[in-house]
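Asks: start.cif is reproduced below (mmCIF, C-alpha atoms and all ligand atoms).
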```
data_protein
#
loop_
_atom_site.label_atom_id
_atom_site.label_comp_id
_atom_site.auth_asym_id
_atom_site.auth_seq_id
_atom_site.Cartn_x
_atom_site.Cartn_y
_atom_site.Cartn_z
CA MET A 304 -6.09 3.53 16.33
CA TYR A 305 -4.33 5.23 13.39
CA LEU A 306 -1.21 7.29 12.95
CA ARG A 307 -2.63 10.49 11.49
CA ASN A 308 0.40 12.62 10.70
CA ALA A 309 1.62 10.52 7.80
CA TRP A 310 1.12 10.18 4.06
CA TYR A 311 -1.22 7.40 2.97
CA ALA A 312 -1.39 5.92 -0.51
CA ALA A 313 -4.86 6.80 -1.83
CA MET A 314 -4.85 5.52 -5.42
CA TRP A 315 -2.64 5.06 -8.45
CA SER A 316 -2.20 8.30 -10.41
CA GLU A 317 -3.86 6.71 -13.44
CA THR A 318 -7.09 6.19 -11.44
CA LEU A 319 -7.52 9.95 -11.02
CA GLY A 320 -8.33 11.05 -14.56
CA ALA A 321 -8.90 14.73 -15.37
CA GLY A 322 -12.48 15.84 -14.69
CA LYS A 323 -13.25 12.89 -12.38
CA LEU A 324 -14.44 12.97 -8.77
CA VAL A 325 -13.05 9.80 -7.20
CA PRO A 326 -14.26 8.72 -3.74
CA ARG A 327 -12.06 6.92 -1.22
CA THR A 328 -12.54 6.22 2.46
CA ILE A 329 -9.27 6.50 4.38
CA LEU A 330 -8.90 6.20 8.17
CA ASP A 331 -12.71 6.02 8.36
CA GLU A 332 -13.09 9.41 6.65
CA PRO A 333 -15.02 9.82 3.40
CA LEU A 334 -12.90 11.73 0.86
CA VAL A 335 -13.29 12.92 -2.68
CA PHE A 336 -10.22 13.35 -4.91
CA PHE A 337 -9.96 15.36 -8.10
CA ARG A 338 -7.45 17.14 -10.32
CA LYS A 339 -7.29 20.89 -10.54
CA THR A 340 -6.99 22.53 -13.97
CA SER A 341 -3.24 22.68 -13.28
CA GLY A 342 -3.18 18.86 -13.00
CA GLU A 343 -2.35 18.99 -9.29
CA VAL A 344 -4.36 16.70 -7.06
CA ALA A 345 -6.82 17.88 -4.39
CA ALA A 346 -8.89 16.17 -1.71
CA LEU A 347 -11.95 17.26 0.27
CA THR A 348 -14.26 15.61 2.75
CA ASP A 349 -16.79 13.79 0.60
CA LEU A 350 -19.74 15.10 2.55
CA CYS A 351 -21.78 18.16 1.61
CA PRO A 352 -22.53 20.18 4.78
CA HIS A 353 -26.08 20.89 3.56
CA LYS A 354 -27.82 17.49 3.58
CA PHE A 355 -24.71 15.29 3.63
CA ALA A 356 -24.86 14.07 0.05
CA PRO A 357 -21.46 12.68 -1.02
CA LEU A 358 -19.76 15.31 -3.17
CA HIS A 359 -18.36 12.71 -5.58
CA LEU A 360 -21.93 12.31 -6.92
CA GLY A 361 -21.74 15.90 -8.18
CA LYS A 362 -19.72 17.54 -10.94
CA LEU A 363 -16.29 19.08 -11.32
CA LEU A 364 -16.85 22.51 -12.89
CA PRO A 365 -14.38 24.90 -14.53
CA GLY A 366 -12.42 26.88 -11.95
CA ASP A 367 -11.75 23.74 -9.86
CA ARG A 368 -15.22 23.95 -8.29
CA VAL A 369 -16.92 20.81 -7.00
CA GLN A 370 -20.68 21.17 -7.40
CA CYS A 371 -22.83 19.09 -5.07
CA GLY A 372 -25.14 16.93 -7.16
CA TYR A 373 -28.11 17.45 -4.83
CA HIS A 374 -28.82 21.23 -4.54
CA GLY A 375 -25.80 22.68 -6.29
CA LEU A 376 -23.60 24.23 -3.60
CA GLU A 377 -20.09 24.74 -5.01
CA PHE A 378 -16.77 24.18 -3.19
CA VAL A 379 -13.21 25.07 -4.15
CA PRO A 380 -10.09 23.04 -3.25
CA SER A 381 -9.60 25.04 -0.03
CA GLY A 382 -12.97 23.66 1.11
CA GLU A 383 -14.72 27.06 1.01
CA CYS A 384 -18.22 27.20 -0.39
CA VAL A 385 -18.15 29.82 -3.16
CA ARG A 386 -21.67 29.55 -4.53
CA ASN A 387 -25.17 29.00 -3.19
CA PRO A 388 -27.53 29.28 -6.16
CA HIS A 389 -30.66 29.56 -3.97
CA GLY A 390 -32.62 32.46 -2.39
CA SER A 391 -30.45 35.43 -1.43
CA GLU A 392 -27.38 33.33 -2.34
CA ARG A 393 -25.99 33.98 1.14
CA ILE A 394 -23.27 31.56 2.17
CA SER A 395 -23.26 30.71 5.86
CA PRO A 396 -19.76 30.82 7.47
CA ASN A 397 -20.00 27.16 8.50
CA CYS A 398 -20.81 26.07 4.96
CA LYS A 399 -17.42 24.52 4.19
CA VAL A 400 -15.72 21.15 4.01
CA ARG A 401 -12.32 20.04 5.23
CA SER A 402 -9.54 20.25 2.69
CA TYR A 403 -6.61 17.81 2.89
CA SER A 404 -3.07 18.03 1.60
CA ALA A 405 -2.65 15.68 -1.33
CA ILE A 406 0.40 15.10 -3.47
CA GLU A 407 1.40 12.94 -6.42
CA ARG A 408 4.66 10.98 -6.22
CA HIS A 409 5.96 7.72 -7.67
CA SER A 410 2.82 7.22 -9.80
CA MET A 411 0.65 7.34 -6.69
CA VAL A 412 -1.69 9.91 -5.09
CA TRP A 413 -0.90 10.40 -1.40
CA ILE A 414 -2.95 12.11 1.29
CA TRP A 415 -1.93 13.60 4.64
CA MET A 416 -4.63 12.91 7.23
CA GLY A 417 -3.23 14.63 10.33
CA SER A 418 -3.50 18.10 11.80
CA ALA A 419 0.27 18.79 11.75
CA PRO A 420 1.47 20.57 8.59
CA ALA A 421 1.91 18.12 5.72
CA ASP A 422 5.59 17.47 5.04
CA PRO A 423 6.29 16.44 1.41
CA SER A 424 9.76 15.18 2.42
CA LEU A 425 8.02 12.38 4.34
CA VAL A 426 6.49 10.78 1.24
CA PRO A 427 8.22 7.39 1.22
CA ASP A 428 10.75 6.76 -1.53
CA TYR A 429 9.22 4.44 -4.12
CA SER A 430 10.99 6.21 -6.97
CA PHE A 431 11.62 2.89 -8.72
CA MET A 432 7.92 3.09 -9.69
CA ASN A 433 8.39 6.40 -11.52
CA ASP A 434 7.79 6.15 -15.26
CA ASP A 435 11.31 7.42 -15.94
CA SER A 436 13.07 5.21 -13.36
CA GLY A 437 14.46 2.82 -15.96
CA TYR A 438 12.69 -0.12 -14.28
CA ASP A 439 10.14 -2.16 -16.18
CA ILE A 440 7.15 -1.86 -13.83
CA THR A 441 4.41 -4.50 -13.64
CA ARG A 442 0.72 -3.62 -13.67
CA ARG A 443 -0.05 -1.09 -10.93
CA ASP A 444 -2.52 -3.25 -9.08
CA PHE A 445 -5.03 -2.92 -6.27
CA LEU A 446 -7.02 -5.09 -3.84
CA ARG A 447 -9.49 -4.17 -1.14
CA ILE A 448 -8.95 -6.58 1.73
CA ASN A 449 -11.65 -7.25 4.33
CA ALA A 450 -9.27 -7.19 7.28
CA ASN A 451 -7.43 -4.69 9.42
CA TYR A 452 -4.30 -3.30 7.74
CA ARG A 453 -2.05 -4.62 10.50
CA LEU A 454 -2.87 -8.20 9.58
CA VAL A 455 -1.95 -7.51 5.97
CA ALA A 456 1.37 -6.04 7.16
CA ASP A 457 1.95 -9.04 9.46
CA ASN A 458 1.46 -11.34 6.49
CA LEU A 459 4.11 -9.53 4.47
CA MET A 460 6.62 -9.06 7.27
CA ASP A 461 6.63 -12.79 8.04
CA LEU A 462 7.24 -14.59 4.76
CA SER A 463 7.55 -17.97 6.46
CA HIS A 464 4.02 -18.56 5.14
CA SER A 465 5.28 -18.63 1.54
CA PRO A 466 6.26 -22.33 1.31
CA TYR A 467 2.77 -23.31 2.48
CA LEU A 468 0.33 -20.70 1.24
CA HIS A 469 2.21 -19.98 -1.98
CA ASP A 470 3.64 -23.42 -2.69
CA GLY A 471 4.34 -23.64 -6.39
CA VAL A 472 5.13 -20.18 -7.71
CA ILE A 473 6.39 -17.81 -5.05
CA GLY A 474 7.08 -20.42 -2.39
CA GLY A 475 8.70 -23.84 -2.27
CA PRO A 476 9.76 -26.46 0.29
CA ASP A 477 13.40 -25.36 0.20
CA THR A 478 12.45 -21.94 1.54
CA ILE A 479 10.98 -23.12 4.88
CA LYS A 480 14.25 -23.02 6.77
CA ALA A 481 15.95 -19.68 6.60
CA GLU A 482 18.23 -17.76 8.86
CA ILE A 483 16.07 -14.81 9.99
CA ARG A 484 17.63 -11.51 10.94
CA VAL A 485 15.53 -8.55 12.11
CA GLU A 486 17.05 -5.08 11.94
CA GLN A 487 15.53 -1.88 13.23
CA GLU A 488 16.62 1.59 12.27
CA GLY A 489 14.42 4.34 13.68
CA ASN A 490 10.88 3.55 12.59
CA THR A 491 11.98 1.14 9.89
CA VAL A 492 12.21 -2.65 10.28
CA LYS A 493 13.95 -5.02 7.89
CA VAL A 494 13.54 -8.79 7.96
CA HIS A 495 16.26 -10.71 6.12
CA ARG A 496 15.65 -14.36 5.17
CA PRO A 497 18.65 -15.42 3.05
CA LYS A 498 18.90 -19.04 1.87
CA GLN A 499 21.88 -20.89 0.52
CA ASN A 500 22.10 -23.53 -2.15
CA VAL A 501 18.37 -24.22 -2.50
CA ARG A 502 16.02 -24.99 -5.37
CA PRO A 503 14.62 -21.68 -6.57
CA THR A 504 10.96 -20.87 -6.24
CA GLY A 505 9.04 -20.98 -9.53
CA LEU A 506 9.00 -17.20 -9.62
CA LEU A 507 12.70 -16.71 -8.98
CA ASP A 508 13.59 -19.40 -11.50
CA ARG A 509 11.57 -17.61 -14.17
CA VAL A 510 13.06 -14.25 -13.21
CA TYR A 511 16.60 -15.63 -13.13
CA ARG A 512 17.83 -18.47 -15.37
CA LYS A 513 14.81 -20.70 -16.04
CA ASP A 514 16.92 -23.85 -15.58
CA GLY A 515 15.79 -25.01 -12.12
CA ALA A 516 19.44 -25.07 -10.93
CA ARG A 517 20.19 -24.46 -7.27
CA VAL A 518 20.74 -20.88 -6.15
CA ASP A 519 21.44 -18.66 -3.19
CA ILE A 520 18.50 -16.38 -2.41
CA TRP A 521 18.45 -12.91 -0.93
CA SER A 522 15.22 -11.82 0.71
CA THR A 523 14.84 -8.53 2.55
CA ILE A 524 11.46 -7.09 3.32
CA ARG A 525 11.37 -3.59 4.74
CA TRP A 526 8.52 -1.96 6.67
CA ALA A 527 8.32 1.72 7.50
CA ALA A 528 5.63 3.23 9.67
CA PRO A 529 2.72 3.38 9.28
CA CYS A 530 2.48 0.80 6.49
CA TYR A 531 4.95 1.19 3.63
CA ILE A 532 6.51 -2.12 2.60
CA LEU A 533 9.22 -2.97 0.07
CA ASN A 534 10.21 -6.53 -0.71
CA ASP A 535 13.60 -7.08 -2.31
CA THR A 536 14.30 -10.69 -3.26
CA GLY A 537 16.34 -12.50 -5.85
CA ALA A 538 18.56 -15.45 -6.79
CA TYR A 539 22.25 -15.74 -7.69
CA PRO A 540 24.79 -18.53 -8.21
CA PRO A 541 25.53 -20.51 -5.00
CA GLY A 542 28.46 -18.91 -3.21
CA GLY A 543 28.59 -16.21 -5.87
CA GLU A 544 27.83 -12.53 -5.99
CA ARG A 545 24.43 -11.01 -5.72
CA SER A 546 25.35 -8.67 -8.54
CA ASP A 547 25.37 -11.75 -10.83
CA GLY A 548 21.76 -12.54 -9.96
CA ALA A 549 18.29 -11.27 -10.70
CA GLY A 550 15.25 -10.62 -8.61
CA VAL A 551 12.09 -8.66 -7.97
CA LEU A 552 11.54 -5.43 -6.10
CA GLY A 553 7.95 -5.28 -4.87
CA ALA A 554 6.08 -2.30 -3.45
CA HIS A 555 3.23 -3.04 -1.05
CA LEU A 556 1.36 0.04 0.17
CA LEU A 557 -1.30 -0.59 2.78
CA THR A 558 -3.83 2.05 3.70
CA PRO A 559 -6.46 1.60 6.39
CA GLU A 560 -9.83 2.24 4.80
CA THR A 561 -11.68 1.40 8.01
CA GLU A 562 -10.78 -0.67 11.02
CA ASP A 563 -12.03 -3.72 9.10
CA THR A 564 -10.83 -2.99 5.57
CA THR A 565 -7.53 -2.20 3.82
CA LEU A 566 -6.67 -0.57 0.51
CA TYR A 567 -3.74 -2.58 -0.86
CA HIS A 568 -1.74 -1.15 -3.77
CA PHE A 569 1.10 -3.19 -5.24
CA ALA A 570 3.52 -3.13 -8.15
CA ALA A 571 6.95 -4.61 -8.87
CA ALA A 572 9.94 -4.57 -11.16
CA ARG A 573 12.60 -7.08 -12.16
CA THR A 574 16.10 -6.24 -10.90
CA GLY A 575 19.56 -7.49 -11.82
CA THR A 576 20.93 -9.34 -14.78
CA LEU A 577 18.73 -10.38 -17.68
CA PHE A 578 19.94 -13.83 -18.72
CA ASP A 579 17.49 -14.45 -21.53
CA LYS A 580 18.23 -11.59 -23.90
CA ASP A 581 15.57 -12.81 -26.34
CA GLU A 582 12.82 -12.87 -23.76
CA ASP A 583 9.61 -11.07 -24.71
CA GLN A 584 9.60 -8.31 -22.08
CA ILE A 585 5.91 -7.52 -22.47
CA ALA A 586 4.95 -11.16 -21.97
CA PHE A 587 7.27 -11.40 -18.96
CA ARG A 588 5.78 -8.28 -17.36
CA GLN A 589 2.28 -9.67 -17.89
CA TRP A 590 3.28 -13.01 -16.38
CA LEU A 591 4.88 -11.34 -13.32
CA SER A 592 1.82 -9.10 -12.83
CA ASP A 593 -0.52 -12.10 -13.02
CA ALA A 594 1.63 -14.32 -10.78
CA ARG A 595 1.77 -11.69 -8.06
CA ARG A 596 -1.93 -10.89 -8.29
CA HIS A 597 -2.77 -14.60 -8.09
CA ALA A 598 -0.65 -14.98 -4.94
CA PHE A 599 -2.06 -11.92 -3.19
CA ALA A 600 -5.71 -12.16 -4.29
CA ASN A 601 -6.24 -15.92 -4.32
CA GLN A 602 -3.85 -17.08 -1.60
CA ASP A 603 -3.07 -14.27 0.88
CA GLU A 604 -6.41 -12.46 0.80
CA PRO A 605 -8.69 -15.43 1.69
CA ILE A 606 -6.56 -16.55 4.62
CA ILE A 607 -6.06 -13.02 6.00
CA GLU A 608 -9.81 -12.36 5.76
CA ALA A 609 -10.66 -15.71 7.37
CA GLN A 610 -8.09 -15.10 10.13
CA TYR A 611 -9.56 -11.61 10.74
CA GLN A 612 -13.09 -13.05 10.91
CA MET A 613 -11.97 -15.58 13.53
CA ARG A 614 -10.55 -12.72 15.61
CA LYS A 615 -13.78 -10.73 15.29
CA THR A 616 -16.04 -13.69 16.01
CA TYR A 617 -14.02 -15.17 18.86
CA PRO A 618 -12.27 -12.20 20.53
CA ALA A 619 -11.74 -13.97 23.86
CA ALA A 620 -10.10 -17.01 22.28
CA THR A 621 -7.79 -14.95 20.05
CA THR A 622 -6.28 -12.35 22.37
CA LYS A 623 -3.03 -14.23 23.01
CA PRO A 624 -1.53 -15.72 19.85
CA VAL A 625 1.27 -18.24 20.20
CA LEU A 626 4.38 -16.57 18.86
CA LEU A 627 6.99 -18.28 16.67
CA GLU A 628 10.52 -17.05 16.03
CA THR A 629 9.34 -15.98 12.60
CA ASP A 630 6.99 -13.44 14.20
CA ALA A 631 9.85 -11.27 15.46
CA GLY A 632 9.56 -8.82 12.53
CA PRO A 633 5.79 -8.18 12.70
CA VAL A 634 5.92 -7.90 16.49
CA ARG A 635 8.60 -5.21 16.20
CA CYS A 636 6.60 -3.28 13.57
CA ASN A 637 3.45 -3.32 15.66
CA ARG A 638 5.33 -2.15 18.73
CA ILE A 639 6.83 0.79 16.85
CA LEU A 640 3.46 1.77 15.43
CA ASP A 641 1.76 1.53 18.83
CA GLU A 642 4.41 3.82 20.32
CA MET A 643 4.08 6.33 17.48
CA ILE A 644 0.29 6.43 17.75
CA LEU A 645 0.48 6.88 21.52
CA LYS A 646 3.05 9.68 21.19
CA GLU A 647 0.92 11.44 18.59
CA LYS A 648 -2.12 11.20 20.86
CA LEU A 649 -0.23 12.57 23.88
CA LEU A 650 1.14 15.48 21.84
CA SER A 651 -2.27 16.42 20.52
CA SER A 652 -4.13 16.15 23.87
S1 LIG A 701 -26.80 18.21 -0.05
FE1 LIG A 701 -25.31 19.32 -1.12
S2 LIG A 701 -26.29 21.07 -1.79
FE2 LIG A 701 -27.80 20.03 -0.67
FE FE A 702 1.89 -14.05 1.00
#
```
Can you give me the file's structure in the form of structure tokens?
Replies:
Amino acid sequence: MYLRNAWYAAMWSETLGAGKLVPRTILDEPLVFFRKTSGEVAALTDLCPHKFAPLHLGKLLPGDRVQCGYHGLEFVPSGECVRNPHGSERISPNCKVRSYSAIERHSMVWIWMGSAPADPSLVPDYSFMNDDSGYDITRRDFLRINANYRLVADNLMDLSHSPYLHDGVIGGPDTIKAEIRVEQEGNTVKVHRPKQNVRPTGLLDRVYRKDGARVDIWSTIRWAAPCYILNDTGAYPPGGERSDGAGVLGAHLLTPETEDTTLYHFAAARTGTLFDKDEDQIAFRQWLSDARRHAFANQDEPIIEAQYQMRKTYPAATTKPVLLETDAGPVRCNRILDEMILKEKLLSS
């Protein structure tokens, strides 16, 4: 069901404060994250092997030891139990928990869930979100969606829903018709939806010139397996150069929590030319953060969850969806992911 040998976004770096034990379920596995004294991140199975109390209800002790809050067994980042305070203090050889490779990149904590050696070079490049990238990053935001992660990816990889679901700010009637081009390179899919000489969406108008004048729009959304998405969109003068325009680069990182739930982390930055030199940058960043959250939480989330419920409730009636031309991107992504999961299964069996 899941691709296991891959990095998954677990939480924003700022969520994992020093001294904290932060629980997350990822790919149906209960995990506890913490920072070592060195500041590096660590992750263990969040399940004490004694009576199965979740370890995140315990304490993080000096020496990077996680103490179970129930009877006090202590575990180090390798997963070994190093202290049993009871009786003869003997530690049984099977008293240990699984340790996972975790890494911090691009203001995000990532975890490797597979049995193959974790490869740091496979952390996807979201370096524009680094604090020192030079980009003005919006709020690093998060939603927990009650639907399978593939439906959330489908929603993003087919933006033909924008004029309807997001009419007003990030969608508009002029963006219904678009020439769609799907490109695949290895395990990466790009969907281009450029538009010429159209009225800008409310969001692009605010990002660009704030005059409502017609624009050309670039729109490229990129998916990489298993679920890393980057949306690059913007507006520029009709017939002109993209370098004269401005836009938004949006990161959408989807992590399967369970089959039925998705951890959705998102953040964005403005790109291109700043036309309003006097603009209050803090107010703009706040507005962009709120506009995006409104679209994802109040518009995308309810319809994705309702759509997922219909599939769960009426499985027989929803096995064969009617496909539109606009579905070409999501179909391609799902096919790639299916093949990768199958290959991984065959190699490990
Ligand atoms: S359940 Fe953890 S020490 Fe008993
Ligand atoms: Fe949407």
Asks: Find, counting only C-alpha atoms and all ligand atoms, the residue in A:Gly342, A:Gly543, A:Gly437, A:Pro388 that gets nearest to ligand LIG 701 (chain A).
Replies: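 Among the listed residues, A:Pro388 lies closest to ligand LIG 701 (chain A).
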Asks: May I ask for the distance between atom S2 of ligand LIG 701 (chain A) and atom CA of A:Leu363, given in Å to one decimal place?
Replies: 14.0 Å
Asks: With 9 Å as the threshold, what does the neighbourhood of (21.6, -19.5, -5.0) contain in terms of residues, counting only C-alpha atoms? Coordinates are those of the file; answer as a list in words.
Replies: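 Those residues, ordered by chain and then number, are Lys498, Gln499, Asn500, Val501, Arg502, Pro503, Ala516, Arg517, Val518, Asp519, Ile520, Trp521, Gly537, Ala538, Tyr539, Pro540, Pro541, Gly542, Gly543, Arg545 and Gly548 of chain A.
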Asks: Mind giving me the straight-line distance from atom CA of A:Leu552 to atom CA of A:Ser424 in Å, one decimal?
Replies: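 Computing the Euclidean distance for atom CA of A:Leu552 and atom CA of A:Ser424 yields 22.4 Å.
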Asks: List as a Markdown table every residue of chain A that is in contact with ligand LIG 701 (chain A), defined as an atom at most 10 Å from one of its atoms (using all atoms listed in the file), together with the nearest atom pair and the distance in Å rounded to one decimal, sorted by chain and then rising number.
Replies:
```
| residue | atom | partner | partner_atom | distance |
| --- | --- | --- | --- | --- |
| A:Leu350 | CA | A:LIG701 | FE1 | 7.9 |
| A:Cys351 | CA | A:LIG701 | FE1 | 4.6 |
| A:Pro352 | CA | A:LIG701 | FE1 | 6.6 |
| A:His353 | CA | A:LIG701 | S1 | 4.6 |
| A:Lys354 | CA | A:LIG701 | S1 | 3.8 |
| A:Phe355 | CA | A:LIG701 | S1 | 5.1 |
| A:Ala356 | CA | A:LIG701 | S1 | 4.6 |
| A:Pro357 | CA | A:LIG701 | FE1 | 7.7 |
| A:Leu358 | CA | A:LIG701 | FE1 | 7.1 |
| A:Leu360 | CA | A:LIG701 | FE1 | 9.7 |
| A:Gly361 | CA | A:LIG701 | FE1 | 8.6 |
| A:Gln370 | CA | A:LIG701 | S2 | 7.9 |
| A:Cys371 | CA | A:LIG701 | FE1 | 4.7 |
| A:Gly372 | CA | A:LIG701 | FE1 | 6.5 |
| A:Tyr373 | CA | A:LIG701 | FE2 | 4.9 |
| A:His374 | CA | A:LIG701 | S2 | 3.7 |
| A:Gly375 | CA | A:LIG701 | S2 | 4.8 |
| A:Leu376 | CA | A:LIG701 | S2 | 4.5 |
| A:Glu377 | CA | A:LIG701 | S2 | 7.9 |
| A:Asn387 | CA | A:LIG701 | S2 | 8.1 |
| A:Pro388 | CA | A:LIG701 | S2 | 9.4 |
| A:His389 | CA | A:LIG701 | S2 | 9.8 |
```
Asks: Write the residues you've just listed into a file as a PDB file, in the frame of the given file, and include C-alpha atoms for each of them.
Replies:
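Saved as selection-v2.pdb:
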```
ATOM      1  CA  LEU A 350     -19.740  15.100   2.550  1.00  0.00           C
ATOM      2  CA  CYS A 351     -21.780  18.160   1.610  1.00  0.00           C
ATOM      3  CA  PRO A 352     -22.530  20.180   4.780  1.00  0.00           C
ATOM      4  CA  HIS A 353     -26.080  20.890   3.560  1.00  0.00           C
ATOM      5  CA  LYS A 354     -27.820  17.490   3.580  1.00  0.00           C
ATOM      6  CA  PHE A 355     -24.710  15.290   3.630  1.00  0.00           C
ATOM      7  CA  ALA A 356     -24.860  14.070   0.050  1.00  0.00           C
ATOM      8  CA  PRO A 357     -21.460  12.680  -1.020  1.00  0.00           C
ATOM      9  CA  LEU A 358     -19.760  15.310  -3.170  1.00  0.00           C
ATOM     10  CA  LEU A 360     -21.930  12.310  -6.920  1.00  0.00           C
ATOM     11  CA  GLY A 361     -21.740  15.900  -8.180  1.00  0.00           C
ATOM     12  CA  GLN A 370     -20.680  21.170  -7.400  1.00  0.00           C
ATOM     13  CA  CYS A 371     -22.830  19.090  -5.070  1.00  0.00           C
ATOM     14  CA  GLY A 372     -25.140  16.930  -7.160  1.00  0.00           C
ATOM     15  CA  TYR A 373     -28.110  17.450  -4.830  1.00  0.00           C
ATOM     16  CA  HIS A 374     -28.820  21.230  -4.540  1.00  0.00           C
ATOM     17  CA  GLY A 375     -25.800  22.680  -6.290  1.00  0.00           C
ATOM     18  CA  LEU A 376     -23.600  24.230  -3.600  1.00  0.00           C
ATOM     19  CA  GLU A 377     -20.090  24.740  -5.010  1.00  0.00           C
ATOM     20  CA  ASN A 387     -25.170  29.000  -3.190  1.00  0.00           C
ATOM     21  CA  PRO A 388     -27.530  29.280  -6.160  1.00  0.00           C
ATOM     22  CA  HIS A 389     -30.660  29.560  -3.970  1.00  0.00           C
TER      23      HIS A 389
END
```
Asks: Please identify every polymer residue within 8 Å of ligand FE 702 (chain A), using all atoms listed in the file, and present the set as a PyMOL selection string.
Replies: chain A and resi 458-459+462+464-465+468-469+598-599+602-603
Asks: Would you mind completing stretch 326-337 of chain A to N, CA and C atoms and writing the output as an mmCIF file, in the coordinates of the input?
Replies:
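Result file is part-v5.cif:
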```
data_model
loop_
_atom_site.group_PDB
_atom_site.id
_atom_site.type_symbol
_atom_site.label_atom_id
_atom_site.label_comp_id
_atom_site.auth_asym_id
_atom_site.auth_seq_id
_atom_site.Cartn_x
_atom_site.Cartn_y
_atom_site.Cartn_z
ATOM 1 N N PRO A 326 -14.120 8.873 -5.195
ATOM 2 C CA PRO A 326 -14.260 8.720 -3.740
ATOM 3 C C PRO A 326 -13.303 7.680 -3.182
ATOM 4 N N ARG A 327 -12.850 7.897 -1.976
ATOM 5 C CA ARG A 327 -12.060 6.920 -1.220
ATOM 6 C C ARG A 327 -12.369 7.145 0.248
ATOM 7 N N THR A 328 -12.490 6.079 1.001
ATOM 8 C CA THR A 328 -12.540 6.220 2.460
ATOM 9 C C THR A 328 -11.153 5.861 2.969
ATOM 10 N N ILE A 329 -10.600 6.751 3.809
ATOM 11 C CA ILE A 329 -9.270 6.500 4.380
ATOM 12 C C ILE A 329 -9.322 6.881 5.857
ATOM 13 N N LEU A 330 -8.831 6.013 6.710
ATOM 14 C CA LEU A 330 -8.900 6.200 8.170
ATOM 15 C C LEU A 330 -10.331 6.546 8.589
ATOM 16 N N ASP A 331 -11.280 5.850 8.030
ATOM 17 C CA ASP A 331 -12.710 6.020 8.360
ATOM 18 C C ASP A 331 -13.297 7.339 7.872
ATOM 19 N N GLU A 332 -12.554 8.118 7.103
ATOM 20 C CA GLU A 332 -13.090 9.410 6.650
ATOM 21 C C GLU A 332 -13.436 9.337 5.169
ATOM 22 N N PRO A 333 -14.650 9.815 4.828
ATOM 23 C CA PRO A 333 -15.020 9.820 3.400
ATOM 24 C C PRO A 333 -14.334 10.988 2.706
ATOM 25 N N LEU A 334 -13.671 10.705 1.585
ATOM 26 C CA LEU A 334 -12.900 11.730 0.860
ATOM 27 C C LEU A 334 -13.267 11.702 -0.607
ATOM 28 N N VAL A 335 -13.149 12.869 -1.237
ATOM 29 C CA VAL A 335 -13.290 12.920 -2.680
ATOM 30 C C VAL A 335 -12.015 13.539 -3.250
ATOM 31 N N PHE A 336 -11.459 12.887 -4.265
ATOM 32 C CA PHE A 336 -10.220 13.350 -4.910
ATOM 33 C C PHE A 336 -10.545 13.866 -6.303
ATOM 34 N N PHE A 337 -9.808 14.866 -6.728
ATOM 35 C CA PHE A 337 -9.960 15.360 -8.100
ATOM 36 C C PHE A 337 -8.674 16.074 -8.510
#
```
